[in-house]
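Participant: Provided below: coords_26.cif, containing mmCIF, C-alpha atoms.
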data_entry
#
loop_
_atom_site.label_atom_id
_atom_site.label_comp_id
_atom_site.auth_asym_id
_atom_site.auth_seq_id
_atom_site.Cartn_x
_atom_site.Cartn_y
_atom_site.Cartn_z
CA MET O 810 -1.94 31.71 4.71
CA LYS O 811 -4.35 34.24 3.25
CA LYS O 812 -5.86 36.81 5.57
CA SER O 813 -9.37 35.88 6.60
CA THR O 814 -11.28 35.07 9.75
CA SER O 815 -10.86 31.33 9.52
CA TYR O 816 -8.73 28.65 7.86
CA ARG O 817 -9.01 24.99 7.00
CA LEU O 818 -7.44 22.47 9.35
CA GLU O 819 -7.05 18.85 8.33
CA ILE O 820 -5.77 15.91 10.32
CA ILE O 821 -4.92 12.97 8.12
CA THR O 822 -3.86 9.44 9.08
CA PRO O 823 -3.15 6.49 6.77
CA GLU O 824 -6.58 5.07 7.61
CA ARG O 825 -8.80 8.10 7.31
CA VAL O 826 -9.25 11.84 7.38
CA VAL O 827 -9.89 12.48 11.07
CA PHE O 828 -10.76 16.15 10.87
CA ASN O 829 -11.33 18.58 8.02
CA HIS O 830 -13.11 21.81 8.96
CA GLU O 831 -12.84 25.56 8.97
CA VAL O 832 -11.39 26.74 12.26
CA VAL O 833 -10.51 30.12 13.77
CA PHE O 834 -7.73 29.02 16.09
CA SER O 835 -5.70 25.93 16.89
CA VAL O 836 -2.81 24.86 19.08
CA ILE O 837 -0.53 22.17 17.68
CA PRO O 838 1.87 20.14 19.87
CA SER O 839 4.94 20.81 17.74
CA GLY O 840 8.45 19.53 18.28
CA LEU O 841 9.38 22.94 19.71
CA GLY O 842 6.43 23.11 22.06
CA PRO O 843 2.82 24.04 21.45
CA ILE O 844 2.24 26.64 18.76
CA GLY O 845 -0.96 28.62 18.35
CA ILE O 846 -2.11 29.30 14.82
CA LEU O 847 -4.37 32.18 13.85
CA PRO O 848 -5.56 32.89 10.30
CA GLY O 849 -2.82 34.47 8.21
CA HIS O 850 0.05 32.54 9.75
CA ALA O 851 3.31 32.42 7.81
CA PRO O 852 4.04 29.25 5.80
CA LEU O 853 5.74 26.80 8.10
CA LEU O 854 6.80 23.17 8.15
CA GLY O 855 7.54 21.22 11.29
CA THR O 856 7.17 18.13 13.36
CA VAL O 857 4.28 17.13 15.60
CA ILE O 858 4.85 15.19 18.80
CA ASN O 859 2.46 12.99 20.77
CA GLY O 860 0.07 15.34 22.44
CA ALA O 861 -3.18 17.22 22.61
CA LEU O 862 -4.38 19.33 19.73
CA LYS O 863 -6.77 22.14 20.56
CA VAL O 864 -9.07 23.63 17.99
CA ARG O 865 -11.71 26.36 18.05
CA ASP O 866 -14.12 26.05 15.17
CA THR O 867 -16.14 28.76 13.44
CA ASP O 868 -19.06 28.21 15.82
CA LYS O 869 -16.72 29.00 18.73
CA ARG O 870 -16.79 25.43 19.91
CA ASP O 871 -13.61 23.97 21.38
CA ILE O 872 -12.51 20.61 20.09
CA LEU O 873 -9.79 18.41 21.57
CA ALA O 874 -7.90 15.68 19.80
CA PHE O 875 -5.02 13.35 20.47
CA VAL O 876 -2.32 13.18 17.80
CA ARG O 877 0.74 10.99 17.50
CA ASN O 878 4.14 11.88 16.10
CA GLY O 879 3.93 13.37 12.66
CA PHE O 880 4.28 16.54 10.65
CA PHE O 881 2.42 19.73 10.01
CA MET O 882 2.40 22.18 7.14
CA ILE O 883 0.98 25.68 7.23
CA SER O 884 0.36 26.97 3.72
CA ASN O 885 -1.93 29.29 1.77
CA GLU O 886 -4.53 26.53 1.76
CA GLY O 887 -4.60 26.05 5.51
CA VAL O 888 -3.02 23.69 7.97
CA SER O 889 -2.39 20.00 7.26
CA ILE O 890 -1.32 17.55 9.91
CA ILE O 891 -0.22 14.07 8.94
CA THR O 892 0.26 11.55 11.68
CA ARG O 893 0.25 7.82 12.17
CA SER O 894 -2.90 8.01 14.26
CA ALA O 895 -5.18 10.63 15.71
CA GLU O 896 -8.51 10.62 17.52
CA LEU O 897 -10.97 13.31 18.44
CA GLN O 898 -11.85 13.47 22.12
CA HIS O 899 -15.03 11.39 21.81
CA GLN O 900 -13.35 8.81 19.58
CA ILE O 901 -10.73 7.83 22.15
CA ASP O 902 -11.12 4.28 23.38
CA VAL O 903 -10.67 4.86 27.12
CA GLN O 904 -10.67 1.15 27.92
CA ARG O 905 -7.94 0.46 25.44
CA ALA O 906 -5.86 3.38 26.64
CA THR O 907 -6.24 2.26 30.27
CA ALA O 908 -5.22 -1.26 29.34
CA ALA O 909 -2.22 0.07 27.42
CA LYS O 910 -1.23 2.18 30.40
CA GLU O 911 -1.35 -0.79 32.75
CA ARG O 912 0.57 -2.94 30.31
CA ALA O 913 3.28 -0.30 30.02
CA LEU O 914 3.48 0.15 33.81
CA LYS O 915 3.86 -3.59 34.27
CA LEU O 916 6.63 -3.72 31.70
CA LEU O 917 8.43 -0.83 33.33
CA SER O 918 8.21 -2.32 36.81
CA SER O 919 9.70 -5.61 35.61
CA LYS O 920 13.07 -3.79 35.36
CA GLN O 921 14.16 -4.94 31.93
CA THR O 922 16.68 -2.94 29.97
CA GLY O 923 17.12 -2.08 26.34
CA ILE O 924 14.71 -0.99 23.70
CA ASP O 925 11.65 -2.48 25.39
CA VAL O 926 11.91 0.02 28.21
CA GLU O 927 12.06 2.89 25.77
CA ARG O 928 9.05 1.53 23.98
CA ALA O 929 7.12 1.00 27.19
CA ARG O 930 7.87 4.56 28.30
CA GLU O 931 6.71 5.84 24.95
CA ALA O 932 3.54 3.74 25.19
CA LEU O 933 2.91 4.92 28.73
CA ARG O 934 3.22 8.55 27.71
CA ARG O 935 0.84 7.99 24.82
CA ALA O 936 -1.73 6.21 26.96
CA GLU O 937 -1.61 8.93 29.60
CA LEU O 938 -2.00 11.65 27.01
CA ARG O 939 -4.93 9.83 25.45
CA LEU O 940 -6.65 9.53 28.81
CA LYS O 941 -6.00 13.21 29.54
CA VAL O 942 -7.51 14.24 26.25
CA ALA O 943 -10.47 11.91 26.77
CA GLN O 944 -11.16 13.54 30.15
CA GLY O 945 -10.62 16.99 28.70
CA ALA O 946 -7.95 17.59 31.33
CA VAL O 947 -5.61 19.55 29.10
CA ALA O 948 -4.28 22.89 30.19
CA MET P 31 -14.64 -38.86 -30.61
CA PRO P 32 -15.62 -42.47 -29.92
CA GLN P 33 -16.02 -42.41 -26.16
CA SER P 34 -18.35 -44.34 -23.96
CA PRO P 35 -21.06 -42.25 -22.28
CA ARG P 36 -19.68 -43.18 -18.91
CA GLU P 37 -16.25 -41.81 -19.73
CA ILE P 38 -17.75 -38.56 -20.93
CA LEU P 39 -19.78 -38.30 -17.78
CA ARG P 40 -16.63 -38.66 -15.71
CA ARG P 41 -14.92 -35.89 -17.61
CA ILE P 42 -17.90 -33.61 -17.10
CA ARG P 43 -17.75 -34.27 -13.40
CA GLY P 44 -14.03 -33.54 -13.31
CA ILE P 45 -14.44 -30.24 -15.11
CA LYS P 46 -17.31 -29.26 -12.86
CA SER P 47 -15.17 -29.68 -9.77
CA THR P 48 -12.38 -27.61 -11.37
CA GLN P 49 -14.96 -24.98 -12.17
CA GLN P 50 -15.99 -24.85 -8.55
CA ILE P 51 -12.41 -24.10 -7.59
CA THR P 52 -11.99 -21.37 -10.19
CA LYS P 53 -15.31 -19.89 -9.17
CA ALA P 54 -14.24 -19.77 -5.54
CA MET P 55 -10.88 -18.26 -6.48
CA GLU P 56 -12.60 -15.61 -8.56
CA MET P 57 -14.79 -14.64 -5.63
CA VAL P 58 -11.90 -14.57 -3.18
CA ALA P 59 -9.89 -12.38 -5.54
CA ALA P 60 -12.86 -10.06 -5.99
CA VAL P 61 -13.26 -9.62 -2.24
CA LYS P 62 -9.54 -9.02 -1.76
CA LEU P 63 -9.49 -6.56 -4.63
CA ASN P 64 -12.31 -4.57 -3.08
CA ARG P 65 -10.60 -4.51 0.27
CA ILE P 66 -7.26 -3.36 -1.09
CA ARG P 67 -8.92 -0.72 -3.28
CA LEU P 68 -10.73 0.63 -0.28
CA GLN P 69 -7.48 0.71 1.66
CA ALA P 70 -5.73 2.48 -1.21
CA GLU P 71 -8.51 5.03 -1.43
CA GLN P 72 -8.48 5.72 2.30
CA SER P 73 -4.75 6.19 2.42
CA ARG P 74 -4.61 8.38 -0.68
CA PRO P 75 -5.01 11.74 1.16
CA TYR P 76 -2.19 10.72 3.50
CA VAL P 77 0.08 9.67 0.65
CA ASP P 78 -0.68 12.88 -1.27
CA ARG P 79 -0.10 15.16 1.71
CA MET P 80 3.10 13.34 2.56
CA LYS P 81 4.32 14.02 -0.97
CA THR P 82 3.35 17.68 -0.76
CA ILE P 83 5.15 18.16 2.53
CA MET P 84 8.20 16.39 1.11
CA CYS P 85 8.17 18.76 -1.89
CA ALA P 86 7.78 21.76 0.39
CA LEU P 87 10.69 20.58 2.49
CA ARG P 88 12.90 20.03 -0.54
CA SER P 89 12.11 23.39 -2.08
CA SER P 90 13.02 25.23 1.10
CA ALA P 91 16.51 23.87 1.48
CA ASP P 92 19.30 25.65 -0.33
CA GLU P 93 21.62 22.72 -0.42
CA LEU P 94 20.91 19.15 0.40
CA THR P 95 23.38 17.44 2.60
CA ASP P 96 21.22 14.49 3.56
CA PRO P 97 22.74 11.47 1.76
CA LEU P 98 19.31 10.23 0.72
CA PHE P 99 18.95 13.28 -1.55
CA VAL P 100 22.42 13.37 -3.05
CA GLN P 101 22.62 12.13 -6.62
CA ARG P 102 25.82 10.26 -7.32
CA PRO P 103 27.04 8.56 -10.50
CA GLU P 104 25.29 5.22 -10.85
CA ALA P 105 27.67 2.32 -11.14
CA ARG P 106 25.59 -0.14 -9.19
CA VAL P 107 21.82 -0.11 -9.33
CA LEU P 108 19.28 -1.95 -7.23
CA LEU P 109 16.02 -2.88 -8.92
CA VAL P 110 13.11 -3.77 -6.67
CA VAL P 111 10.73 -6.04 -8.57
CA ILE P 112 7.26 -6.42 -7.10
CA THR P 113 5.39 -9.49 -8.30
CA SER P 114 3.10 -11.96 -6.55
CA ASP P 115 3.75 -14.98 -4.36
CA ARG P 116 1.21 -17.10 -6.16
CA GLY P 117 0.39 -17.82 -9.77
CA LEU P 118 -2.90 -18.23 -11.61
CA CYS P 119 -3.13 -14.54 -12.31
CA GLY P 120 -2.80 -14.35 -16.08
CA THR P 121 -0.02 -12.23 -17.51
CA PHE P 122 0.46 -10.20 -14.33
CA ASN P 123 3.84 -11.62 -13.34
CA VAL P 124 5.09 -12.15 -16.89
CA ASN P 125 4.59 -8.47 -17.69
CA VAL P 126 6.57 -7.31 -14.70
CA ILE P 127 9.36 -9.81 -15.32
CA ASN P 128 9.63 -8.76 -18.97
CA ALA P 129 9.81 -5.15 -17.87
CA ALA P 130 12.61 -6.14 -15.48
CA LYS P 131 14.48 -7.79 -18.35
CA ASN P 132 14.11 -4.61 -20.40
CA PHE P 133 15.39 -2.55 -17.51
CA ILE P 134 18.46 -4.75 -17.17
CA GLU P 135 19.16 -4.49 -20.91
CA GLN P 136 18.81 -0.72 -20.84
CA HIS P 137 21.22 -0.51 -17.92
CA ALA P 138 23.70 -2.99 -19.36
CA ASP P 139 26.57 -0.61 -18.60
CA LYS P 140 25.78 -0.77 -14.90
CA GLN P 141 25.78 -3.53 -12.39
CA VAL P 142 22.13 -4.31 -11.72
CA SER P 143 21.13 -6.34 -8.68
CA ILE P 144 17.60 -7.40 -7.89
CA VAL P 145 15.56 -7.21 -4.73
CA ALA P 146 12.55 -9.41 -5.30
CA ILE P 147 9.29 -8.80 -3.52
CA GLY P 148 7.13 -11.78 -4.43
CA ARG P 149 8.15 -15.39 -5.02
CA LYS P 150 7.26 -15.47 -8.71
CA GLY P 151 9.63 -12.67 -9.61
CA ASN P 152 12.33 -14.19 -7.44
CA ASP P 153 12.05 -17.60 -9.12
CA ALA P 154 11.90 -16.26 -12.67
CA LEU P 155 14.76 -13.79 -12.30
CA SER P 156 17.02 -16.29 -10.49
CA LYS P 157 16.44 -18.70 -13.34
CA LEU P 158 17.45 -16.01 -15.81
CA GLY P 159 20.75 -15.69 -13.99
CA CYS P 160 20.14 -12.28 -12.41
CA LYS P 161 21.79 -11.49 -9.14
CA VAL P 162 18.99 -11.53 -6.59
CA GLU P 163 20.33 -9.69 -3.57
CA ARG P 164 17.40 -10.34 -1.29
CA PHE P 165 13.94 -11.86 -1.42
CA PHE P 166 10.88 -10.74 0.52
CA PRO P 167 7.42 -12.32 0.42
CA VAL P 168 4.73 -9.87 -0.62
CA PRO P 169 3.46 -7.94 2.43
CA TRP P 170 -0.32 -8.06 2.78
CA GLY P 171 -3.10 -8.19 5.33
CA ALA P 172 -2.39 -7.27 8.93
CA THR P 173 1.40 -7.10 8.49
CA LEU P 174 1.29 -4.99 5.33
CA GLU P 175 2.55 -1.85 7.02
CA SER P 176 5.17 -3.37 9.30
CA ASP P 177 6.61 -5.57 6.53
CA THR P 178 6.71 -2.60 4.19
CA ARG P 179 8.65 -0.69 6.83
CA THR P 180 11.19 -3.53 7.10
CA ILE P 181 11.77 -3.50 3.35
CA SER P 182 12.08 0.27 3.12
CA ILE P 183 14.59 0.31 5.97
CA TYR P 184 16.58 -2.40 4.20
CA LEU P 185 16.64 -0.34 0.98
CA MET P 186 17.56 2.83 2.81
CA GLU P 187 20.43 1.13 4.59
CA ALA P 188 21.71 -0.45 1.38
CA PHE P 189 21.78 3.02 -0.16
CA THR P 190 23.37 4.89 2.71
CA ALA P 191 26.00 2.16 3.16
CA GLU P 192 26.86 2.82 -0.50
CA GLU P 193 26.20 -0.78 -1.47
CA THR P 194 24.27 0.72 -4.33
CA ASP P 195 24.08 4.13 -6.04
CA GLY P 196 20.44 4.10 -7.04
CA VAL P 197 17.28 2.21 -6.17
CA TYR P 198 14.43 1.76 -8.63
CA ILE P 199 11.07 0.14 -8.05
CA LEU P 200 9.28 -1.82 -10.74
CA TYR P 201 5.65 -2.51 -9.95
CA SER P 202 2.28 -2.90 -11.64
CA HIS P 203 0.36 0.32 -11.74
CA PHE P 204 -3.34 -0.34 -11.31
CA ALA P 205 -5.23 1.59 -14.00
CA ASN P 206 -8.48 -0.38 -13.90
CA VAL P 207 -9.61 -3.97 -13.54
CA LEU P 208 -8.43 -4.85 -17.04
CA ARG P 209 -5.32 -2.69 -17.26
CA TYR P 210 -2.20 -2.85 -15.14
CA LEU P 211 0.99 -1.39 -16.47
CA PRO P 212 4.47 -2.28 -15.28
CA THR P 213 5.86 1.03 -14.06
CA CYS P 214 9.34 1.96 -12.98
CA ILE P 215 10.01 4.76 -10.50
CA LYS P 216 13.16 6.08 -8.96
CA TYR P 217 13.16 5.45 -5.22
CA LEU P 218 16.60 6.53 -4.07
CA PRO P 219 18.18 9.00 -4.11
CA ILE P 220 15.00 11.01 -3.89
CA PRO P 221 14.81 12.71 -7.31
CA PRO P 222 14.80 16.52 -7.61
CA LEU P 223 11.50 18.34 -7.93
CA THR P 224 9.91 18.33 -11.36
CA ALA P 225 8.65 21.55 -12.96
CA GLN P 226 5.06 20.42 -12.33
CA GLU P 227 5.77 19.83 -8.65
CA ARG P 228 7.30 23.29 -8.39
CA ARG P 229 4.23 24.86 -9.98
CA ASP P 230 1.90 22.96 -7.63
CA LEU P 231 3.94 24.08 -4.70
CA LEU P 232 3.72 27.76 -5.61
CA ARG P 233 -0.02 27.63 -5.02
CA LEU P 234 0.66 26.65 -1.41
CA SER P 235 3.48 29.05 -0.74
CA ALA P 236 6.67 30.30 -2.28
CA ASP P 237 8.83 29.78 0.74
CA PHE P 238 8.35 27.71 3.86
CA LEU P 239 10.02 28.23 7.17
CA ILE P 240 11.18 24.99 8.69
CA GLU P 241 11.16 24.32 12.40
CA PRO P 242 13.27 23.28 14.20
CA SER P 243 15.64 22.80 11.22
CA PHE P 244 15.81 21.19 7.82
CA GLU P 245 17.97 18.35 9.12
CA MET P 246 15.70 17.57 12.03
CA VAL P 247 12.56 17.48 9.93
CA ALA P 248 14.27 15.64 7.08
CA ASN P 249 15.60 13.00 9.47
CA GLN P 250 12.11 12.15 10.57
CA LEU P 251 10.19 12.82 7.41
CA THR P 252 12.38 11.02 4.87
CA PRO P 253 12.05 7.49 6.31
CA ARG P 254 8.30 7.96 6.61
CA TYR P 255 8.09 9.32 3.10
CA LEU P 256 10.04 6.39 1.67
CA GLU P 257 7.92 3.95 3.61
CA THR P 258 4.76 5.57 2.33
CA SER P 259 5.86 5.56 -1.28
CA LEU P 260 6.87 1.90 -1.11
CA TYR P 261 3.54 1.17 0.54
CA HIS P 262 1.82 2.89 -2.35
CA CYS P 263 3.68 0.71 -4.89
CA ILE P 264 2.88 -2.48 -3.02
CA VAL P 265 -0.79 -1.64 -2.70
CA GLU P 266 -0.99 -0.86 -6.42
CA SER P 267 0.72 -4.14 -7.20
CA LEU P 268 -1.61 -6.08 -4.90
CA ALA P 269 -4.65 -4.49 -6.51
CA SER P 270 -3.32 -5.40 -9.96
CA GLU P 271 -2.62 -8.96 -8.85
CA TYR P 272 -6.09 -9.51 -7.46
CA ALA P 273 -7.70 -7.93 -10.52
CA ALA P 274 -5.61 -10.12 -12.81
CA ARG P 275 -6.51 -13.22 -10.86
CA MET P 276 -10.16 -12.32 -10.83
CA VAL P 277 -10.24 -11.82 -14.59
CA SER P 278 -8.27 -14.95 -15.43
CA MET P 279 -10.39 -17.06 -13.10
CA ARG P 280 -13.51 -15.66 -14.70
CA ASN P 281 -12.14 -16.67 -18.09
CA ALA P 282 -11.36 -20.14 -16.78
CA ASN P 283 -14.88 -20.34 -15.50
CA ASP P 284 -16.39 -19.35 -18.82
CA ASN P 285 -14.15 -21.87 -20.58
CA ALA P 286 -15.24 -24.64 -18.26
CA GLU P 287 -18.85 -23.71 -18.95
CA GLU P 288 -18.26 -24.06 -22.67
CA VAL P 289 -16.45 -27.38 -22.40
CA ILE P 290 -19.22 -28.75 -20.20
CA ARG P 291 -21.82 -27.69 -22.75
CA ASP P 292 -19.95 -29.43 -25.57
CA LEU P 293 -19.36 -32.55 -23.54
CA THR P 294 -22.98 -32.73 -22.46
CA LEU P 295 -24.00 -32.59 -26.10
CA THR P 296 -21.54 -35.35 -26.98
CA TYR P 297 -22.75 -37.37 -24.02
CA ASN P 298 -26.38 -37.06 -25.09
CA LYS P 299 -25.51 -38.02 -28.63
CA ALA P 300 -23.53 -41.03 -27.47
CA ARG P 301 -26.33 -42.07 -25.14
CA GLN P 302 -28.88 -41.72 -27.94
CA ALA P 303 -26.64 -43.71 -30.25
CA SER P 304 -26.32 -46.54 -27.77
CA ILE P 305 -30.10 -46.59 -27.21
CA THR P 306 -30.71 -46.68 -30.95
CA LYS P 307 -28.20 -49.48 -31.30
CA GLU P 308 -29.85 -51.52 -28.58
CA LEU P 309 -33.28 -50.97 -30.15
CA ILE P 310 -31.99 -52.13 -33.49
CA ASP P 311 -30.56 -55.21 -31.81
CA ILE P 312 -33.86 -56.00 -30.09
CA ILE P 313 -35.92 -55.38 -33.19
CA GLY P 314 -33.47 -57.47 -35.19
CA GLY P 315 -33.81 -60.27 -32.62
CA VAL P 316 -37.60 -60.14 -32.69
CA GLU P 317 -37.60 -60.18 -36.48
CA ALA P 318 -35.31 -63.21 -36.42
CA LEU P 319 -37.58 -65.10 -33.96
CA LYS P 320 -40.61 -64.27 -36.09
CA GLY P 321 -38.83 -65.59 -39.18
#
Step by step, read the file and then write its structure as structure tokens.

Facilitator:
Amino acid sequence: MKKSTSYRLEIITPERVVFNHEVVFSVIPSGLGPIGILPGHAPLLGTVINGALKVRDTDKRDILAFVRNGFFMISNEGVSIITRSAELQHQIDVQRATAAKERALKLLSSKQTGIDVERAREALRRAELRLKVAQGAVA
Amino acid sequence: MPQSPREILRRIRGIKSTQQITKAMEMVAAVKLNRIRLQAEQSRPYVDRMKTIMCALRSSADELTDPLFVQRPEARVLLVVITSDRGLCGTFNVNVINAAKNFIEQHADKQVSIVAIGRKGNDALSKLGCKVERFFPVPWGATLESDTRTISIYLMEAFTAEETDGVYILYSHFANVLRYLPTCIKYLPIPPLTAQERRDLLRLSADFLIEPSFEMVANQLTPRYLETSLYHCIVESLASEYAARMVSMRNANDNAEEVIRDLTLTYNKARQASITKELIDIIGGVEALKG
């Protein structure tokens, strides 16, 4: 990335471009743990896992977002994140996430085995993360 | 055309009801076309970025060990033909099927099997005696993405299990409402970067680090990439299909209009003729009584 005080961060899903702004700092939930990105970062490719994305924009405002599994690319033109779905903090449907959480808990308590359990666990984790982001309760 | 006015009237009515159907079909196709175009437009940034990241990943690996990238001599080839499930869409299906025939002729030295997406292509190619390995209905609507995933997994497995040495996709590229070109792309193995792609990539960076490792990222990215590129082909094909149907239904509509106009004229003439005849009869009768 070129040296400057800010860089462009974009979050893209198949349905829409969720975020596309100049930012000064961001923390991405990468496959190797959260990584902080300042302007001038080296070109890097990697995976994104379900989690909270933290962004500080040029007006020094902090923005939170939930992202699902996907990929990120840091290049001269900024940071691109592609993921199956992503929502900014205020876009998260809390009701839906709560319902999903309950559904997953119910499935897990019914003591089935096999792929459904894995899926339910995955769904539970996602729902909890969504709720955390919605409440702004991210460390 | 010596027809009784009543018969002509019946034909007019029949054509009018056909016209209603074609009109409705035109409108439905127009709505569907708009929806799919919107969907294509919205997903374009995602598709483009996915491609860029794939290029970046490829350029950063010294040697490719992932089987999905390894080019091997092609003895058996799988051709995926995307057509439509339903007809009444002009030359849309015929064009694709002809392109498939050409492909088979060009690859006569290889064993070409077909995977048909769309009933029309399946029917036509089976009739021609091609070996249709598998048939899928065209994914659309709410299950578009999940059905696309199923198909791309099937293709990937066929390739990795070495049931085939190369997978090509033949689909209609949507240029505009009046132009859709049958286009053939190589799907598997993923072809090497072109010079243009390399140039584009240099603008982003000469060399990317990959975390955690090439294999790890490739394992996750490649299936998604393949899914996305198949999705792109299917959406293009759907847009072409709806556009073709819209145009051919509009033509049918215009035709019906013309036929109705002609028939109405004939009907009026016939009616006038019968009135004139009756008048002559009456006048003749009166003259005879007078006499």

Participant: Determine, counting only C-alpha atoms, which protein, DNA and RNA residues have an atom within 12 Å of an atom of Ala908 (chain O); residues of the same chain fewer than 3 positions away are not included. Present the result as a ChimeraX atom specification.

Facilitator: /O:902-905,911-915,932-933,935-937,939-940

Participant: Report the residues retrieved by the PyMOL selection byres ((chain O) within 6 of (chain P)) from the displayed file, expressed as number ranges by chain.

Facilitator: O: 821-825, 852-855, 884-885

Participant: I need the chosen residues saved as an mmCIF file, in the coordinates of the input, with C-alpha atoms.

Facilitator:
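Final output, again_27.cif:
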data_model
loop_
_atom_site.group_PDB
_atom_site.id
_atom_site.type_symbol
_atom_site.label_atom_id
_atom_site.label_comp_id
_atom_site.auth_asym_id
_atom_site.auth_seq_id
_atom_site.Cartn_x
_atom_site.Cartn_y
_atom_site.Cartn_z
ATOM 1 C CA ILE O 821 -4.920 12.970 8.120
ATOM 2 C CA THR O 822 -3.860 9.440 9.080
ATOM 3 C CA PRO O 823 -3.150 6.490 6.770
ATOM 4 C CA GLU O 824 -6.580 5.070 7.610
ATOM 5 C CA ARG O 825 -8.800 8.100 7.310
ATOM 6 C CA PRO O 852 4.040 29.250 5.800
ATOM 7 C CA LEU O 853 5.740 26.800 8.100
ATOM 8 C CA LEU O 854 6.800 23.170 8.150
ATOM 9 C CA GLY O 855 7.540 21.220 11.290
ATOM 10 C CA SER O 884 0.360 26.970 3.720
ATOM 11 C CA ASN O 885 -1.930 29.290 1.770
#

Participant: Kindly indicate which residue among P:Gln33, P:Ala105, P:Ser47, P:Val162 lies nearest to Glu287 (chain P), using all atoms listed in the file for the distances.

Facilitator: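 Checking each candidate against Glu287 (chain P), we get P:Ser47 as the closest.
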
Participant: Report as a ChimeraX atom specification the residues that result from applying the PyMOL selection byres ((chain O and resi 857-871) around 6) to the structure here.

Facilitator: /O:832-840,856,872-880

Participant: To one decimal place, how far is CA of Thr113 (chain P) from CA of Pro253 (chain P) in Å?

Facilitator: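 Interatomic distance here is 23.4 Å.
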
Participant: Pick from P:Arg228, P:Arg41, P:Lys46, P:Lys53: nearest to Val277 (chain P), with only C-alpha atoms counted?

Facilitator: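 The shortest atom-to-atom distance to Val277 (chain P) comes from P:Lys53.
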
Participant: Run the PyMOL selection byres ((chain P and resi 179-181) around 9) mentally over the shown coordinates, then write out the matched residues as a PyMOL selection string, using the chain letters and numbers from the document.

Facilitator: chain P and resi 166+174-178+182-186+253-254+256-258+260-261

Participant: Would you output that residue set with C-alpha atoms, as a compact mmCIF listing (two decimals), keeping the file's coordinate frame?

Facilitator:
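In the end it all went to part_30.txt:
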# COMPACT_ATOMS: atom_id res chain seq x y z
CA PHE P 166 10.88 -10.74 0.52
CA LEU P 174 1.29 -4.99 5.33
CA GLU P 175 2.55 -1.85 7.02
CA SER P 176 5.17 -3.37 9.30
CA ASP P 177 6.61 -5.57 6.53
CA THR P 178 6.71 -2.60 4.19
CA SER P 182 12.08 0.27 3.12
CA ILE P 183 14.59 0.31 5.97
CA TYR P 184 16.58 -2.40 4.20
CA LEU P 185 16.64 -0.34 0.98
CA MET P 186 17.56 2.83 2.81
CA PRO P 253 12.05 7.49 6.31
CA ARG P 254 8.30 7.96 6.61
CA LEU P 256 10.04 6.39 1.67
CA GLU P 257 7.92 3.95 3.61
CA THR P 258 4.76 5.57 2.33
CA LEU P 260 6.87 1.90 -1.11
CA TYR P 261 3.54 1.17 0.54

Participant: With a distance cut-off of 7 Å and all atoms listed in the file, select the neighbouring residues of Met55 (chain P), excluding the residue or stretch itself and same-chain residues fewer than 4 positions from it, and output the selection as an MDAnalysis selection string.

Facilitator: chainID P and resid 51 59 279

Participant: Quick one: residues within 9 Å of Leu818 (chain O), only C-alpha atoms counted, chain neighbours fewer than 4 positions away excluded, as a PyMOL selection string?

Facilitator: chain O and resi 828-832+835+864+887-890

Participant: Quick one: distance from CA of Thr48 (chain P) to CA of Leu268 (chain P) in Å, one decimal?

Facilitator: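 So the two atoms, CA of Thr48 (chain P) and CA of Leu268 (chain P), lie 24.9 Å apart.
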
Participant: Mind rebuilding region 847-856 of chain O with N, CA and C atoms and writing that out as a PDB file, in the coordinates of the input?

Facilitator:
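Output contents, as saved in part_9.pdb:
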ATOM      1  N   LEU O 847      -3.231  31.341  14.217  1.00  0.00           N
ATOM      2  CA  LEU O 847      -4.370  32.180  13.850  1.00  0.00           C
ATOM      3  C   LEU O 847      -4.396  32.292  12.326  1.00  0.00           C
ATOM      4  N   PRO O 848      -5.525  32.707  11.761  1.00  0.00           N
ATOM      5  CA  PRO O 848      -5.560  32.890  10.300  1.00  0.00           C
ATOM      6  C   PRO O 848      -4.470  33.850   9.867  1.00  0.00           C
ATOM      7  N   GLY O 849      -3.844  33.582   8.728  1.00  0.00           N
ATOM      8  CA  GLY O 849      -2.820  34.470   8.210  1.00  0.00           C
ATOM      9  C   GLY O 849      -1.424  34.128   8.698  1.00  0.00           C
ATOM     10  N   HIS O 850      -1.270  32.960   9.261  1.00  0.00           N
ATOM     11  CA  HIS O 850       0.050  32.540   9.750  1.00  0.00           C
ATOM     12  C   HIS O 850       1.021  32.366   8.580  1.00  0.00           C
ATOM     13  N   ALA O 851       2.301  32.598   8.854  1.00  0.00           N
ATOM     14  CA  ALA O 851       3.310  32.420   7.810  1.00  0.00           C
ATOM     15  C   ALA O 851       3.459  30.942   7.461  1.00  0.00           C
ATOM     16  N   PRO O 852       3.834  30.644   6.200  1.00  0.00           N
ATOM     17  CA  PRO O 852       4.040  29.250   5.800  1.00  0.00           C
ATOM     18  C   PRO O 852       5.118  28.600   6.653  1.00  0.00           C
ATOM     19  N   LEU O 853       4.831  27.430   7.150  1.00  0.00           N
ATOM     20  CA  LEU O 853       5.740  26.800   8.100  1.00  0.00           C
ATOM     21  C   LEU O 853       5.626  25.285   7.998  1.00  0.00           C
ATOM     22  N   LEU O 854       6.762  24.624   8.145  1.00  0.00           N
ATOM     23  CA  LEU O 854       6.800  23.170   8.150  1.00  0.00           C
ATOM     24  C   LEU O 854       7.408  22.719   9.458  1.00  0.00           C
ATOM     25  N   GLY O 855       6.906  21.675  10.062  1.00  0.00           N
ATOM     26  CA  GLY O 855       7.540  21.220  11.290  1.00  0.00           C
ATOM     27  C   GLY O 855       7.038  19.868  11.718  1.00  0.00           C
ATOM     28  N   THR O 856       7.548  19.444  12.869  1.00  0.00           N
ATOM     29  CA  THR O 856       7.170  18.130  13.360  1.00  0.00           C
ATOM     30  C   THR O 856       6.103  18.252  14.436  1.00  0.00           C
TER      31      THR O 856
END
